[in-house]
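Single-structure report; data block below.
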Amino acid sequence: MIVCHCNVLTKAMISEAIEGLIDDDPYQLITPGVVYRELGKRGKCCGCFPQVVGLIVQRLEEFQTSNPSITLERSLAGIAAASLHTASVRPALKPD
Ligand code: FES
């Protein structure tokens, strides 16, 4: 399933990049921009970013479930902040 039509990125490609970032450092702040940089891409219309945020949260929750000794509250809080930022930026990107 294609999530990002501008960059032709599938859900599997994005999920794999997220998992790699979590494996590198589960405490880092993972945003759609970080994921796309990992894939060598950039957001263009950024319409896919809310879906990417959902995938990031999903993968972090799966990681947390399989690693209960690691607390990821900081990472999830970062995602929530990034999500709010994305929501506040998007209206500015829409044409008048
Ligand atoms: S759909 Fe992903 S940047 Fe446009």
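Ligands are numbered from 1 in the order shown, residues from 1 within each chain, and chains are lettered A, B, ... in the order they appear in the structure tokens.
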
Taking only C-alpha atoms and all ligand atoms into account, which residues have an atom no farther than 8 Å from ligand 1? I'd like them as a compact mmCIF listing (two decimals) with C-alpha atoms, in the first residue's frame.
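Wrote it out as out-v1.txt, contents follow:
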# COMPACT_ATOMS: atom_id res chain seq x y z
CA VAL A 3 1.41 5.87 1.87
CA CYS A 4 3.40 8.66 0.22
CA HIS A 5 2.38 9.25 -3.36
CA CYS A 6 4.87 12.10 -3.91
CA ASN A 7 7.85 9.85 -3.12
CA VAL A 8 6.19 6.51 -3.96
CA LEU A 9 6.82 5.09 -0.51
CA ARG A 42 11.88 14.71 1.64
CA GLY A 43 8.28 15.62 2.31
CA LYS A 44 6.79 17.47 -0.63
CA CYS A 45 3.08 18.06 -0.05
CA CYS A 46 3.38 16.44 3.44
CA GLY A 47 -0.17 15.12 3.12
CA CYS A 48 1.10 11.70 4.17
CA PHE A 49 2.68 12.92 7.42

### Message
What's around Glu19 of chain A at 9 Å? Count only C-alpha atoms, leave out sequence neighbours fewer than 5 positions away in its own chain, and write the answer as a PyMOL selection string.
### Response
chain A and resi 14+24+56+59-60+63

Expected file contents, prior selection, C-alpha atoms, as a short mmCIF file (atom, residue, chain, number, x, y, z; two decimals), in the first residue's frame:
data_model
loop_
_atom_site.label_atom_id
_atom_site.label_comp_id
_atom_site.auth_asym_id
_atom_site.auth_seq_id
_atom_site.Cartn_x
_atom_site.Cartn_y
_atom_site.Cartn_z
CA ILE A 14 8.26 3.40 5.89
CA ASP A 24 19.42 2.48 16.48
CA ILE A 56 5.63 5.75 14.11
CA ARG A 59 5.87 0.78 15.83
CA LEU A 60 6.90 2.46 19.10
CA PHE A 63 8.50 -2.00 20.55
#

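Going from atom CA of Arg37 of chain A over to atom CA of Glu61 of chain A, you cover 22.0 Å.
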
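Interatomic distance, atom CA of Ser66 of chain A against atom CA of Glu38 of chain A: 23.6 Å.
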
message = Could you check the closest approach to Val52 of chain A for each of A:Gly20, A:Tyr36, A:Ile70, A:Gln28 and tell me which residue wins, using only C-alpha atoms?
response =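 Closest residue, counting only C-alpha atoms: A:Tyr36.
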
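With only C-alpha atoms as the basis for measurement, A:Ile22 is the residue among A:Ala12, A:Ala17, A:Ile22, A:Met1 that approaches Glu62 of chain A most closely.
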
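Pairwise distance (atom CA of Leu39 of chain A, atom CA of Met13 of chain A) equals 8.4 Å.
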